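Read the structure below first, then the notes.
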Protein chains: 2
Amino acid sequence: MLTSVDTDLVRVLADPLRMQIVSLLARETLCTTHLVEETGAKQTNLSNHLKVLRDAGVVETEPCGRFTYYRLRPEVLDQLAEQFTRLASLARVNDAANSKRACP
Amino acid sequence: MLTSVDTDLVRVLADPLRMQIVSLLARETLCTTHLVEETGAKQTNLSNHLKVLRDAGVVETEPCGRFTYYRLRPEVLDQLAEQFTRLASLARVNDAANSKRACP
DNA sequence: TGAGATTATCAGTCCATGCTGACGTCAGTC
DNA sequence: GACTGACGTCAGCATGGACTGATAATCTCA
């Protein structure tokens, strides 16, 4: 399908805790310890979600001694936003043209 | 949280079949029968997903005789795109400022 | 009104995924 | 080198949600 949205990426962001992590990282680059404090989630749980975000390319890591900083990659979010915008504008065009397939 | 994204809406769009429905409806207003043809999914299954999309406000229905047309609501997608864009730009600003919380 | 077509709802099954505890690994400090 | 703290991995459990078949509800047309 030409104009669509990457479902895998959307699925990664569909989890409340993961979205909270993303929102926090959009404000500040943080290490796991900070995220544990901010979210109240267990470290193990966070580590799992961070792995998912890493694998999806949403965040990237930067080791700092025995700490690991997590940084958000805005490109990914921008790309996703553009895909949604494109879908929306396509819908608007076809809505204006009133393109409706005839009942079978 | 001030700048974040509505997880419920994202979750609705995180399903491949639902995203396919949205993509199809972005091109054309269709009724359930058409969607069954296009997706190859069972009618029952589609009806379930359409209910989810309806409840989330992503699509709206328009009865036409004994058929039901489904139309995409672009506003919802635009709103979602804007939320992602906002998050991304916030991340860029903080990235430029190199705002990194000190290791504890 | 009765038959057929279209769509929605319900109950049940099954699988993906999120959460947790135990453990392993690595870096820094004594 | 031993200890401590930070972080990741793994296995097991539990829950949510996707899919299906049966059935109900609604509409059109003869």
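Ordering of the structure tokens sets the chain letters (A, B, ...), residue numbers begin anew at 1 in every chain, and ligands are numbered from 1 in the order given.
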
Could you name the residues that touch Tyr69 of chain A at 12 Å or less, counting only C-alpha atoms (C1' of nucleotides), but leaving out those on the same chain fewer than 5 positions away, as a PDB file with C-alpha atoms (C1' of nucleotides), in the first residue's frame?
ATOM      1  CA  LEU A  25      12.811  11.864  26.974  1.00  0.00           C
ATOM      2  CA  GLU A  28      15.354  15.749  28.834  1.00  0.00           C
ATOM      3  CA  THR A  29      17.965  13.127  28.160  1.00  0.00           C
ATOM      4  CA  LEU A  30      17.733  10.732  31.076  1.00  0.00           C
ATOM      5  CA  CYS A  31      19.308   7.545  32.354  1.00  0.00           C
ATOM      6  CA  THR A  32      17.419   4.485  33.506  1.00  0.00           C
ATOM      7  CA  THR A  33      17.575   5.469  37.158  1.00  0.00           C
ATOM      8  CA  HIS A  34      15.813   8.748  36.428  1.00  0.00           C
ATOM      9  CA  LEU A  35      13.138   6.944  34.454  1.00  0.00           C
ATOM     10  CA  LEU A  50      13.530   0.549  26.585  1.00  0.00           C
ATOM     11  CA  VAL A  59      15.571   6.111  21.208  1.00  0.00           C
ATOM     12  CA  GLU A  60      19.330   5.754  21.241  1.00  0.00           C
ATOM     13  CA  THR A  61      21.707   5.100  24.117  1.00  0.00           C
ATOM     14  CA  GLU A  62      24.824   6.810  25.289  1.00  0.00           C
ATOM     15  CA  PRO A  63      26.855   5.077  27.999  1.00  0.00           C
ATOM     16  CA  CYS A  64      28.206   7.324  30.753  1.00  0.00           C
TER      17      CYS A  64
ATOM     18  CA  SER B  99      19.579  19.348  28.519  1.00  0.00           C
ATOM     19  CA  LYS B 100      20.715  16.232  30.298  1.00  0.00           C
ATOM     20  CA  ARG B 101      19.904  15.503  33.909  1.00  0.00           C
ATOM     21  CA  ALA B 102      22.976  14.758  36.041  1.00  0.00           C
ATOM     22  CA  CYS B 103      23.668  11.187  37.062  1.00  0.00           C
ATOM     23  CA  PRO B 104      22.266  10.606  40.526  1.00  0.00           C
TER      24      PRO B 104
ATOM     25  C1'  DA D   6      23.397   0.087  37.457  1.00  0.00           C
ATOM     26  C1'  DC D   7      21.512  -2.246  33.820  1.00  0.00           C
TER      27       DC D   7
END

Please report, as CSV, each residue of chain C lying at most 8 Å from chain A, together with the nearest pair of atoms and the separation in Å rounded to one decimal; use only C-alpha atoms (C1' of nucleotides), and order rows by chain and ascending residue number.
residue,atom,partner,partner_atom,distance
C:DC19,C1',A:Asn45,CA,6.7
C:DC26,C1',A:Arg66,CA,7.7
C:DA27,C1',A:Arg66,CA,5.0
C:DG28,C1',A:Arg66,CA,7.4

Give me, as CSV, the closest atom pair and its distance (Å, one decimal) for every residue of chain D within a cut-off of 12 Å of chain A, counting only C-alpha atoms (C1' of nucleotides), rows sorted by chain and rising number.
residue,atom,partner,partner_atom,distance
D:DT4,C1',A:Arg66,CA,11.9
D:DG5,C1',A:Arg66,CA,8.5
D:DA6,C1',A:Arg66,CA,6.0
D:DC7,C1',A:Ser47,CA,7.6
D:DG8,C1',A:Ser47,CA,7.0
D:DT9,C1',A:Asn48,CA,9.2
D:DC10,C1',A:Thr44,CA,11.3

Determine which residues of chain A sit within 8 Å of chain B, taking into account only C-alpha atoms, and present them as a JSON list (two decimals) with N, CA and C atoms, in the first residue's frame.
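Output file iface.json follows:
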[["chain", "number", "residue", "atom", "x", "y", "z"],
["A", 3, "THR", "N", 0.20, 4.77, 0.36],
["A", 3, "THR", "CA", 0.06, 5.71, 1.46],
["A", 3, "THR", "C", -0.55, 5.02, 2.66],
["A", 4, "SER", "N", 0.30, 4.72, 3.61],
["A", 4, "SER", "CA", -0.17, 4.10, 4.83],
["A", 4, "SER", "C", 0.77, 4.47, 5.97],
["A", 5, "VAL", "N", 0.66, 3.78, 7.05],
["A", 5, "VAL", "CA", 1.49, 4.09, 8.21],
["A", 5, "VAL", "C", 2.12, 2.79, 8.71],
["A", 7, "THR", "N", 2.75, 0.12, 10.84],
["A", 7, "THR", "CA", 2.02, -0.39, 12.01],
["A", 7, "THR", "C", 2.96, -0.80, 13.14],
["A", 8, "ASP", "N", 4.11, -1.36, 12.79],
["A", 8, "ASP", "CA", 5.04, -1.81, 13.81],
["A", 8, "ASP", "C", 5.46, -0.66, 14.72],
["A", 10, "VAL", "N", 3.85, 2.15, 15.17],
["A", 10, "VAL", "CA", 2.68, 2.61, 15.92],
["A", 10, "VAL", "C", 2.44, 1.72, 17.12],
["A", 11, "ARG", "N", 2.60, 0.42, 16.90],
["A", 11, "ARG", "CA", 2.38, -0.54, 17.98],
["A", 11, "ARG", "C", 3.37, -0.29, 19.12],
["A", 13, "LEU", "N", 4.54, 2.47, 20.05],
["A", 13, "LEU", "CA", 4.14, 3.67, 20.77],
["A", 13, "LEU", "C", 2.75, 3.55, 21.38],
["A", 14, "ALA", "N", 2.12, 2.39, 21.24],
["A", 14, "ALA", "CA", 0.75, 2.23, 21.72],
["A", 14, "ALA", "C", 0.69, 1.85, 23.18],
["A", 15, "ASP", "N", 1.82, 1.68, 23.81],
["A", 15, "ASP", "CA", 1.84, 1.32, 25.22],
["A", 15, "ASP", "C", 1.97, 2.57, 26.08],
["A", 16, "PRO", "N", 1.14, 2.69, 27.12],
["A", 16, "PRO", "CA", 1.14, 3.90, 27.95],
["A", 16, "PRO", "C", 2.49, 4.19, 28.59],
["A", 19, "MET", "N", 4.91, 5.35, 25.96],
["A", 19, "MET", "CA", 4.63, 6.73, 25.56],
["A", 19, "MET", "C", 5.08, 7.71, 26.64],
["A", 20, "GLN", "N", 4.93, 7.31, 27.90],
["A", 20, "GLN", "CA", 5.39, 8.16, 28.99],
["A", 20, "GLN", "C", 6.91, 8.34, 28.93],
["A", 23, "SER", "N", 7.68, 10.73, 26.17],
["A", 23, "SER", "CA", 7.36, 12.11, 26.56],
["A", 23, "SER", "C", 8.42, 12.67, 27.50],
["A", 25, "LEU", "N", 11.55, 11.70, 27.70],
["A", 25, "LEU", "CA", 12.81, 11.86, 26.97],
["A", 25, "LEU", "C", 12.75, 13.04, 25.99],
["A", 26, "ALA", "N", 11.55, 13.43, 25.61],
["A", 26, "ALA", "CA", 11.43, 14.59, 24.73],
["A", 26, "ALA", "C", 11.83, 15.85, 25.47],
["A", 27, "ARG", "N", 11.70, 15.83, 26.78],
["A", 27, "ARG", "CA", 12.02, 17.00, 27.60],
["A", 27, "ARG", "C", 13.47, 17.02, 28.03],
["A", 28, "GLU", "N", 14.02, 15.84, 28.25],
["A", 28, "GLU", "CA", 15.35, 15.75, 28.83],
["A", 28, "GLU", "C", 15.98, 14.41, 28.46],
["A", 29, "THR", "N", 17.27, 14.40, 28.31],
["A", 29, "THR", "CA", 17.96, 13.13, 28.16],
["A", 29, "THR", "C", 18.17, 12.55, 29.55],
["A", 30, "LEU", "N", 17.74, 11.31, 29.73],
["A", 30, "LEU", "CA", 17.73, 10.73, 31.08],
["A", 30, "LEU", "C", 18.40, 9.36, 31.07],
["A", 31, "CYS", "N", 18.83, 8.91, 32.25],
["A", 31, "CYS", "CA", 19.31, 7.54, 32.35],
["A", 31, "CYS", "C", 18.24, 6.70, 33.05],
["A", 33, "THR", "N", 17.91, 5.15, 35.77],
["A", 33, "THR", "CA", 17.57, 5.47, 37.16],
["A", 33, "THR", "C", 16.56, 6.60, 37.24],
["A", 34, "HIS", "N", 16.76, 7.65, 36.46],
["A", 34, "HIS", "CA", 15.81, 8.75, 36.43],
["A", 34, "HIS", "C", 14.43, 8.26, 35.99],
["A", 67, "PHE", "N", 26.28, 4.37, 34.06],
["A", 67, "PHE", "CA", 24.92, 4.78, 33.72],
["A", 67, "PHE", "C", 24.72, 4.72, 32.21],
["A", 72, "LEU", "N", 15.97, 10.69, 22.83],
["A", 72, "LEU", "CA", 14.91, 10.49, 21.83],
["A", 72, "LEU", "C", 15.42, 10.86, 20.44],
["A", 73, "ARG", "N", 14.96, 10.13, 19.42],
["A", 73, "ARG", "CA", 15.32, 10.47, 18.03],
["A", 73, "ARG", "C", 14.11, 11.11, 17.37],
["A", 74, "PRO", "N", 14.12, 12.43, 17.27],
["A", 74, "PRO", "CA", 12.93, 13.14, 16.77],
["A", 74, "PRO", "C", 12.57, 12.76, 15.34],
["A", 75, "GLU", "N", 13.55, 12.36, 14.54],
["A", 75, "GLU", "CA", 13.27, 12.01, 13.14],
["A", 75, "GLU", "C", 12.15, 11.00, 13.02],
["A", 77, "LEU", "N", 9.67, 10.33, 15.05],
["A", 77, "LEU", "CA", 8.36, 10.89, 15.35],
["A", 77, "LEU", "C", 7.89, 11.78, 14.21],
["A", 78, "ASP", "N", 8.81, 12.55, 13.68],
["A", 78, "ASP", "CA", 8.47, 13.43, 12.55],
["A", 78, "ASP", "C", 7.97, 12.62, 11.36],
["A", 80, "LEU", "N", 6.66, 9.68, 11.39],
["A", 80, "LEU", "CA", 5.34, 9.13, 11.69],
["A", 80, "LEU", "C", 4.26, 10.20, 11.52],
["A", 81, "ALA", "N", 4.55, 11.38, 12.02],
["A", 81, "ALA", "CA", 3.59, 12.48, 11.92],
["A", 81, "ALA", "C", 3.29, 12.78, 10.46],
["A", 82, "GLU", "N", 4.32, 12.74, 9.62],
["A", 82, "GLU", "CA", 4.13, 13.03, 8.21],
["A", 82, "GLU", "C", 3.23, 11.99, 7.55],
["A", 84, "PHE", "N", 0.86, 10.29, 8.96],
["A", 84, "PHE", "CA", -0.52, 10.56, 9.36],
["A", 84, "PHE", "C", -1.08, 11.77, 8.61],
["A", 85, "THR", "N", -0.27, 12.79, 8.51],
["A", 85, "THR", "CA", -0.71, 13.99, 7.80],
["A", 85, "THR", "C", -1.06, 13.67, 6.35],
["A", 87, "LEU", "N", -2.01, 10.81, 5.09],
["A", 87, "LEU", "CA", -3.27, 10.07, 5.06],
["A", 87, "LEU", "C", -4.46, 11.01, 5.21],
["A", 88, "ALA", "N", -4.32, 11.94, 6.16],
["A", 88, "ALA", "CA", -5.42, 12.87, 6.43],
["A", 88, "ALA", "C", -5.71, 13.74, 5.21],
["A", 89, "SER", "N", -4.65, 14.23, 4.58],
["A", 89, "SER", "CA", -4.87, 15.13, 3.44],
["A", 89, "SER", "C", -5.44, 14.35, 2.26],
["A", 90, "LEU", "N", -5.00, 13.11, 2.11],
["A", 90, "LEU", "CA", -5.58, 12.26, 1.08],
["A", 90, "LEU", "C", -7.08, 12.09, 1.31],
["A", 91, "ALA", "N", -7.44, 11.88, 2.56],
["A", 91, "ALA", "CA", -8.85, 11.71, 2.91],
["A", 91, "ALA", "C", -9.63, 12.99, 2.61],
["A", 92, "ARG", "N", -9.03, 14.13, 2.87],
["A", 92, "ARG", "CA", -9.71, 15.40, 2.62],
["A", 92, "ARG", "C", -9.97, 15.60, 1.13],
["A", 94, "ASN", "N", -10.27, 13.30, -1.19],
["A", 94, "ASN", "CA", -11.30, 12.39, -1.66],
["A", 94, "ASN", "C", -12.66, 12.73, -1.07],
["A", 95, "ASP", "N", -12.64, 13.34, 0.10],
["A", 95, "ASP", "CA", -13.89, 13.77, 0.71],
["A", 95, "ASP", "C", -14.48, 14.92, -0.11],
["A", 98, "ASN", "N", -15.92, 13.75, -3.07],
["A", 98, "ASN", "CA", -17.05, 12.87, -2.75],
["A", 98, "ASN", "C", -16.90, 11.51, -3.44],
["A", 99, "SER", "N", -15.68, 11.00, -3.44],
["A", 99, "SER", "CA", -15.43, 9.73, -4.12],
["A", 99, "SER", "C", -15.94, 8.59, -3.25],
["A", 100, "LYS", "N", -17.02, 8.03, -3.71],
["A", 100, "LYS", "CA", -17.70, 6.98, -2.97],
["A", 100, "LYS", "C", -17.99, 5.83, -3.92],
["A", 101, "ARG", "N", -17.50, 4.68, -3.58],
["A", 101, "ARG", "CA", -17.71, 3.54, -4.47],
["A", 101, "ARG", "C", -19.17, 3.11, -4.42],
["A", 103, "CYS", "N", -22.62, 1.08, -4.30],
["A", 103, "CYS", "CA", -23.04, -0.12, -3.60],
["A", 103, "CYS", "C", -23.06, -1.28, -4.59],
["A", 104, "PRO", "N", -22.62, -2.42, -4.17],
["A", 104, "PRO", "CA", -22.49, -3.56, -5.10],
["A", 104, "PRO", "C", -23.87, -4.14, -5.45]]

Once chain B is superposed on chain A with a least-squares fit on all C-alpha pairs taken in order, can you show it as a compact mmCIF listing (two decimals) with N, CA and C atoms, in the first residue's frame?
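What landed in out.txt:
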# COMPACT_ATOMS: atom_id res chain seq x y z
N MET B 1 0.89 -1.18 0.04
CA MET B 1 0.05 0.02 0.03
C MET B 1 0.92 1.27 0.03
N LEU B 2 0.64 2.16 -0.88
CA LEU B 2 1.50 3.33 -1.04
C LEU B 2 1.43 4.26 0.17
N THR B 3 0.25 4.78 0.40
CA THR B 3 0.09 5.73 1.51
C THR B 3 -0.51 5.02 2.71
N SER B 4 0.33 4.71 3.65
CA SER B 4 -0.16 4.09 4.86
C SER B 4 0.79 4.46 6.00
N VAL B 5 0.67 3.78 7.11
CA VAL B 5 1.50 4.09 8.26
C VAL B 5 2.12 2.79 8.76
N ASP B 6 3.35 2.88 9.18
CA ASP B 6 4.07 1.71 9.69
C ASP B 6 3.43 1.23 10.99
N THR B 7 2.72 0.11 10.91
CA THR B 7 1.99 -0.38 12.07
C THR B 7 2.92 -0.79 13.20
N ASP B 8 4.06 -1.37 12.86
CA ASP B 8 4.99 -1.82 13.89
C ASP B 8 5.41 -0.66 14.79
N LEU B 9 5.72 0.46 14.17
CA LEU B 9 6.14 1.62 14.94
C LEU B 9 4.99 2.14 15.80
N VAL B 10 3.80 2.17 15.23
CA VAL B 10 2.63 2.63 15.97
C VAL B 10 2.39 1.75 17.18
N ARG B 11 2.53 0.45 16.97
CA ARG B 11 2.32 -0.50 18.06
C ARG B 11 3.30 -0.25 19.21
N VAL B 12 4.52 0.06 18.84
CA VAL B 12 5.54 0.35 19.86
C VAL B 12 5.10 1.53 20.73
N LEU B 13 4.49 2.52 20.11
CA LEU B 13 4.09 3.73 20.82
C LEU B 13 2.71 3.61 21.44
N ALA B 14 2.07 2.45 21.29
CA ALA B 14 0.69 2.29 21.76
C ALA B 14 0.62 1.92 23.23
N ASP B 15 1.77 1.75 23.86
CA ASP B 15 1.79 1.38 25.28
C ASP B 15 1.93 2.63 26.15
N PRO B 16 1.10 2.75 27.18
CA PRO B 16 1.11 3.96 28.01
C PRO B 16 2.47 4.23 28.63
N LEU B 17 3.10 3.20 29.16
CA LEU B 17 4.39 3.39 29.81
C LEU B 17 5.45 3.82 28.79
N ARG B 18 5.43 3.20 27.63
CA ARG B 18 6.40 3.57 26.59
C ARG B 18 6.16 5.01 26.14
N MET B 19 4.89 5.38 26.01
CA MET B 19 4.60 6.76 25.61
C MET B 19 5.06 7.74 26.68
N GLN B 20 4.92 7.34 27.94
CA GLN B 20 5.39 8.19 29.04
C GLN B 20 6.90 8.36 28.96
N ILE B 21 7.59 7.26 28.67
CA ILE B 21 9.04 7.32 28.52
C ILE B 21 9.41 8.29 27.40
N VAL B 22 8.72 8.16 26.28
CA VAL B 22 9.00 9.03 25.13
C VAL B 22 8.76 10.49 25.49
N SER B 23 7.67 10.75 26.21
CA SER B 23 7.35 12.13 26.60
C SER B 23 8.42 12.69 27.53
N LEU B 24 8.88 11.86 28.46
CA LEU B 24 9.91 12.30 29.38
C LEU B 24 11.22 12.58 28.64
N LEU B 25 11.55 11.69 27.71
CA LEU B 25 12.80 11.84 26.98
C LEU B 25 12.76 13.02 26.00
N ALA B 26 11.54 13.43 25.64
CA ALA B 26 11.42 14.59 24.75
C ALA B 26 11.83 15.86 25.49
N ARG B 27 11.71 15.83 26.82
CA ARG B 27 12.03 17.00 27.63
C ARG B 27 13.49 17.01 28.06
N GLU B 28 14.03 15.82 28.27
CA GLU B 28 15.36 15.71 28.85
C GLU B 28 15.97 14.38 28.46
N THR B 29 17.28 14.37 28.31
CA THR B 29 17.97 13.10 28.15
C THR B 29 18.18 12.52 29.54
N LEU B 30 17.72 11.28 29.73
CA LEU B 30 17.73 10.68 31.06
C LEU B 30 18.39 9.31 31.04
N CYS B 31 18.82 8.87 32.20
CA CYS B 31 19.31 7.49 32.29
C CYS B 31 18.25 6.65 33.00
N THR B 32 18.45 5.37 32.99
CA THR B 32 17.43 4.44 33.47
C THR B 32 16.99 4.75 34.89
N THR B 33 17.94 5.11 35.73
CA THR B 33 17.62 5.42 37.12
C THR B 33 16.60 6.55 37.22
N HIS B 34 16.81 7.59 36.42
CA HIS B 34 15.86 8.70 36.41
C HIS B 34 14.48 8.22 35.97
N LEU B 35 14.46 7.41 34.96
CA LEU B 35 13.18 6.92 34.44
C LEU B 35 12.46 6.06 35.48
N VAL B 36 13.21 5.30 36.24
CA VAL B 36 12.60 4.52 37.32
C VAL B 36 11.94 5.47 38.32
N GLU B 37 12.66 6.54 38.69
CA GLU B 37 12.10 7.52 39.61
C GLU B 37 10.83 8.16 39.05
N GLU B 38 10.94 8.62 37.81
CA GLU B 38 9.84 9.40 37.21
C GLU B 38 8.58 8.56 37.00
N THR B 39 8.76 7.35 36.52
CA THR B 39 7.60 6.54 36.16
C THR B 39 7.08 5.70 37.31
N GLY B 40 7.98 5.35 38.24
CA GLY B 40 7.57 4.49 39.34
C GLY B 40 7.51 3.03 38.96
N ALA B 41 7.90 2.73 37.75
CA ALA B 41 7.89 1.34 37.29
C ALA B 41 9.15 0.61 37.77
N LYS B 42 9.07 -0.71 37.78
CA LYS B 42 10.23 -1.51 38.18
C LYS B 42 11.34 -1.38 37.13
N GLN B 43 12.55 -1.53 37.60
CA GLN B 43 13.69 -1.39 36.69
C GLN B 43 13.63 -2.42 35.57
N THR B 44 13.28 -3.64 35.92
CA THR B 44 13.20 -4.70 34.92
C THR B 44 12.19 -4.37 33.83
N ASN B 45 11.05 -3.93 34.27
CA ASN B 45 9.99 -3.58 33.35
C ASN B 45 10.44 -2.47 32.40
N LEU B 46 11.03 -1.44 32.98
CA LEU B 46 11.52 -0.33 32.18
C LEU B 46 12.56 -0.79 31.16
N SER B 47 13.46 -1.64 31.63
CA SER B 47 14.51 -2.13 30.74
C SER B 47 13.91 -2.85 29.54
N ASN B 48 12.87 -3.61 29.79
CA ASN B 48 12.19 -4.29 28.68
C ASN B 48 11.63 -3.30 27.68
N HIS B 49 10.91 -2.29 28.20
CA HIS B 49 10.29 -1.31 27.32
C HIS B 49 11.35 -0.50 26.57
N LEU B 50 12.44 -0.20 27.25
CA LEU B 50 13.51 0.55 26.60
C LEU B 50 14.13 -0.26 25.47
N LYS B 51 14.18 -1.55 25.67
CA LYS B 51 14.69 -2.42 24.59
C LYS B 51 13.78 -2.36 23.37
N VAL B 52 12.48 -2.38 23.64
CA VAL B 52 11.52 -2.28 22.54
C VAL B 52 11.70 -0.96 21.78
N LEU B 53 11.83 0.12 22.55
CA LEU B 53 12.00 1.44 21.94
C LEU B 53 13.33 1.51 21.17
N ARG B 54 14.36 0.89 21.73
CA ARG B 54 15.66 0.86 21.05
C ARG B 54 15.55 0.10 19.73
N ASP B 55 14.96 -1.09 19.78
CA ASP B 55 14.83 -1.91 18.58
C ASP B 55 14.03 -1.20 17.49
N ALA B 56 13.06 -0.39 17.92
CA ALA B 56 12.23 0.32 16.95
C ALA B 56 12.93 1.58 16.45
N GLY B 57 14.07 1.91 17.05
CA GLY B 57 14.81 3.10 16.61
C GLY B 57 14.25 4.40 17.16
N VAL B 58 13.37 4.31 18.13
CA VAL B 58 12.76 5.51 18.68
C VAL B 58 13.73 6.24 19.60
N VAL B 59 14.54 5.48 20.32
CA VAL B 59 15.53 6.09 21.21
C VAL B 59 16.91 5.54 20.89
N GLU B 60 17.92 6.26 21.34
CA GLU B 60 19.27 5.72 21.21
C GLU B 60 20.00 5.90 22.53
N THR B 61 21.00 5.06 22.77
CA THR B 61 21.66 5.04 24.06
C THR B 61 23.04 5.70 23.97
N GLU B 62 23.47 6.19 25.12
CA GLU B 62 24.78 6.79 25.21
C GLU B 62 25.35 6.43 26.57
N PRO B 63 26.31 5.50 26.61
CA PRO B 63 26.86 5.09 27.88
C PRO B 63 27.63 6.22 28.53
N CYS B 64 27.51 6.34 29.83
CA CYS B 64 28.19 7.41 30.58
C CYS B 64 28.63 6.80 31.88
N GLY B 65 29.84 6.29 31.90
CA GLY B 65 30.30 5.57 33.07
C GLY B 65 29.48 4.32 33.23
N ARG B 66 28.98 4.13 34.41
CA ARG B 66 28.14 2.94 34.60
C ARG B 66 26.68 3.23 34.37
N PHE B 67 26.39 4.44 33.93
CA PHE B 67 25.02 4.79 33.60
C PHE B 67 24.78 4.72 32.10
N THR B 68 23.53 4.63 31.72
CA THR B 68 23.20 4.62 30.31
C THR B 68 22.18 5.71 30.04
N TYR B 69 22.55 6.67 29.25
CA TYR B 69 21.61 7.75 28.92
C TYR B 69 20.76 7.35 27.72
N TYR B 70 19.51 7.72 27.78
CA TYR B 70 18.60 7.48 26.66
C TYR B 70 18.19 8.81 26.06
N ARG B 71 18.28 8.86 24.73
CA ARG B 71 17.96 10.08 24.02
C ARG B 71 16.88 9.78 22.97
N LEU B 72 15.94 10.68 22.83
CA LEU B 72 14.88 10.48 21.83
C LEU B 72 15.39 10.86 20.46
N ARG B 73 14.94 10.12 19.43
CA ARG B 73 15.31 10.46 18.06
C ARG B 73 14.10 11.11 17.39
N PRO B 74 14.10 12.42 17.27
CA PRO B 74 12.91 13.14 16.79
C PRO B 74 12.53 12.75 15.36
N GLU B 75 13.53 12.36 14.56
CA GLU B 75 13.25 12.01 13.16
C GLU B 75 12.11 10.99 13.06
N VAL B 76 12.17 9.99 13.94
CA VAL B 76 11.18 8.91 13.87
C VAL B 76 9.77 9.46 14.09
N LEU B 77 9.64 10.33 15.10
CA LEU B 77 8.33 10.90 15.40
C LEU B 77 7.86 11.79 14.25
N ASP B 78 8.79 12.57 13.70
CA ASP B 78 8.45 13.45 12.58
C ASP B 78 7.95 12.63 11.39
N GLN B 79 8.67 11.57 11.13
CA GLN B 79 8.31 10.70 10.00
C GLN B 79 6.90 10.13 10.19
N LEU B 80 6.64 9.71 11.42
CA LEU B 80 5.32 9.16 11.73
C LEU B 80 4.24 10.23 11.56
N ALA B 81 4.53 11.42 12.06
CA ALA B 81 3.57 12.51 11.94
C ALA B 81 3.27 12.81 10.48
N GLU B 82 4.31 12.77 9.67
CA GLU B 82 4.13 13.06 8.24
C GLU B 82 3.22 12.02 7.59
N GLN B 83 3.42 10.75 7.98
CA GLN B 83 2.58 9.70 7.42
C GLN B 83 1.11 9.92 7.75
N PHE B 84 0.86 10.32 9.00
CA PHE B 84 -0.53 10.58 9.40
C PHE B 84 -1.09 11.79 8.65
N THR B 85 -0.27 12.81 8.54
CA THR B 85 -0.72 14.01 7.83
C THR B 85 -1.06 13.68 6.38
N ARG B 86 -0.23 12.87 5.76
CA ARG B 86 -0.45 12.50 4.38
C ARG B 86 -1.77 11.75 4.21
N LEU B 87 -2.01 10.83 5.12
CA LEU B 87 -3.26 10.09 5.10
C LEU B 87 -4.45 11.03 5.25
N ALA B 88 -4.33 11.96 6.18
CA ALA B 88 -5.42 12.90 6.44
C ALA B 88 -5.70 13.76 5.22
N SER B 89 -4.64 14.26 4.59
CA SER B 89 -4.86 15.15 3.44
C SER B 89 -5.43 14.36 2.26
N LEU B 90 -5.00 13.12 2.12
CA LEU B 90 -5.57 12.26 1.08
C LEU B 90 -7.06 12.09 1.31
N ALA B 91 -7.41 11.89 2.56
CA ALA B 91 -8.83 11.72 2.90
C ALA B 91 -9.61 12.99 2.59
N ARG B 92 -9.01 14.14 2.87
CA ARG B 92 -9.69 15.42 2.61
C ARG B 92 -9.96 15.60 1.12
N VAL B 93 -8.97 15.29 0.31
CA VAL B 93 -9.11 15.43 -1.14
C VAL B 93 -10.25 14.55 -1.64
N ASN B 94 -10.24 13.30 -1.20
CA ASN B 94 -11.27 12.38 -1.68
C ASN B 94 -12.62 12.71 -1.10
N ASP B 95 -12.61 13.35 0.06
CA ASP B 95 -13.86 13.77 0.66
C ASP B 95 -14.46 14.92 -0.15
N ALA B 96 -13.61 15.85 -0.55
CA ALA B 96 -14.06 16.98 -1.36
C ALA B 96 -14.58 16.50 -2.71
N ALA B 97 -13.90 15.50 -3.25
CA ALA B 97 -14.32 14.95 -4.55
C ALA B 97 -15.52 14.03 -4.40
N ASN B 98 -15.88 13.75 -3.14
CA ASN B 98 -17.00 12.86 -2.84
C ASN B 98 -16.84 11.51 -3.54
N SER B 99 -15.63 10.99 -3.52
CA SER B 99 -15.38 9.72 -4.21
C SER B 99 -15.88 8.57 -3.35
N LYS B 100 -16.97 8.01 -3.80
CA LYS B 100 -17.65 6.96 -3.04
C LYS B 100 -17.94 5.80 -4.00
N ARG B 101 -17.45 4.64 -3.66
CA ARG B 101 -17.65 3.51 -4.56
C ARG B 101 -19.12 3.08 -4.51
N ALA B 102 -19.68 2.72 -5.66
CA ALA B 102 -21.09 2.36 -5.74
C ALA B 102 -21.38 1.08 -4.97
N CYS B 103 -22.55 1.01 -4.39
CA CYS B 103 -22.97 -0.19 -3.69
C CYS B 103 -22.95 -1.36 -4.68
N PRO B 104 -22.52 -2.50 -4.24
CA PRO B 104 -22.35 -3.63 -5.14
C PRO B 104 -23.70 -4.22 -5.56

Which polymer residues have any atom within 12 Å of an atom of DC15 of chain C, counting only C-alpha atoms (C1' of nucleotides), with same-chain residues fewer than 3 positions away left out, as number ranges by chain? D: 15-19

In chain A, DSSP helix (DSSP H, G or I) residues written as a PyMOL selection string: chain A and resi 7-12+16-27+32-39+43-55+74-96

Interatomic distance (Å, one decimal) between atom C1' of DC13 of chain D and atom C1' of DT13 of chain C: 18.9 Å

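Across segment 18-88 of chain B, DSSP run on the backbone finds strand (DSSP E) at Leu30, Cys31, Val59, Glu60, Thr61, Glu62, Pro63, Cys64, Phe67, Thr68, Tyr69, Tyr70, Arg71 and Leu72 of chain B.
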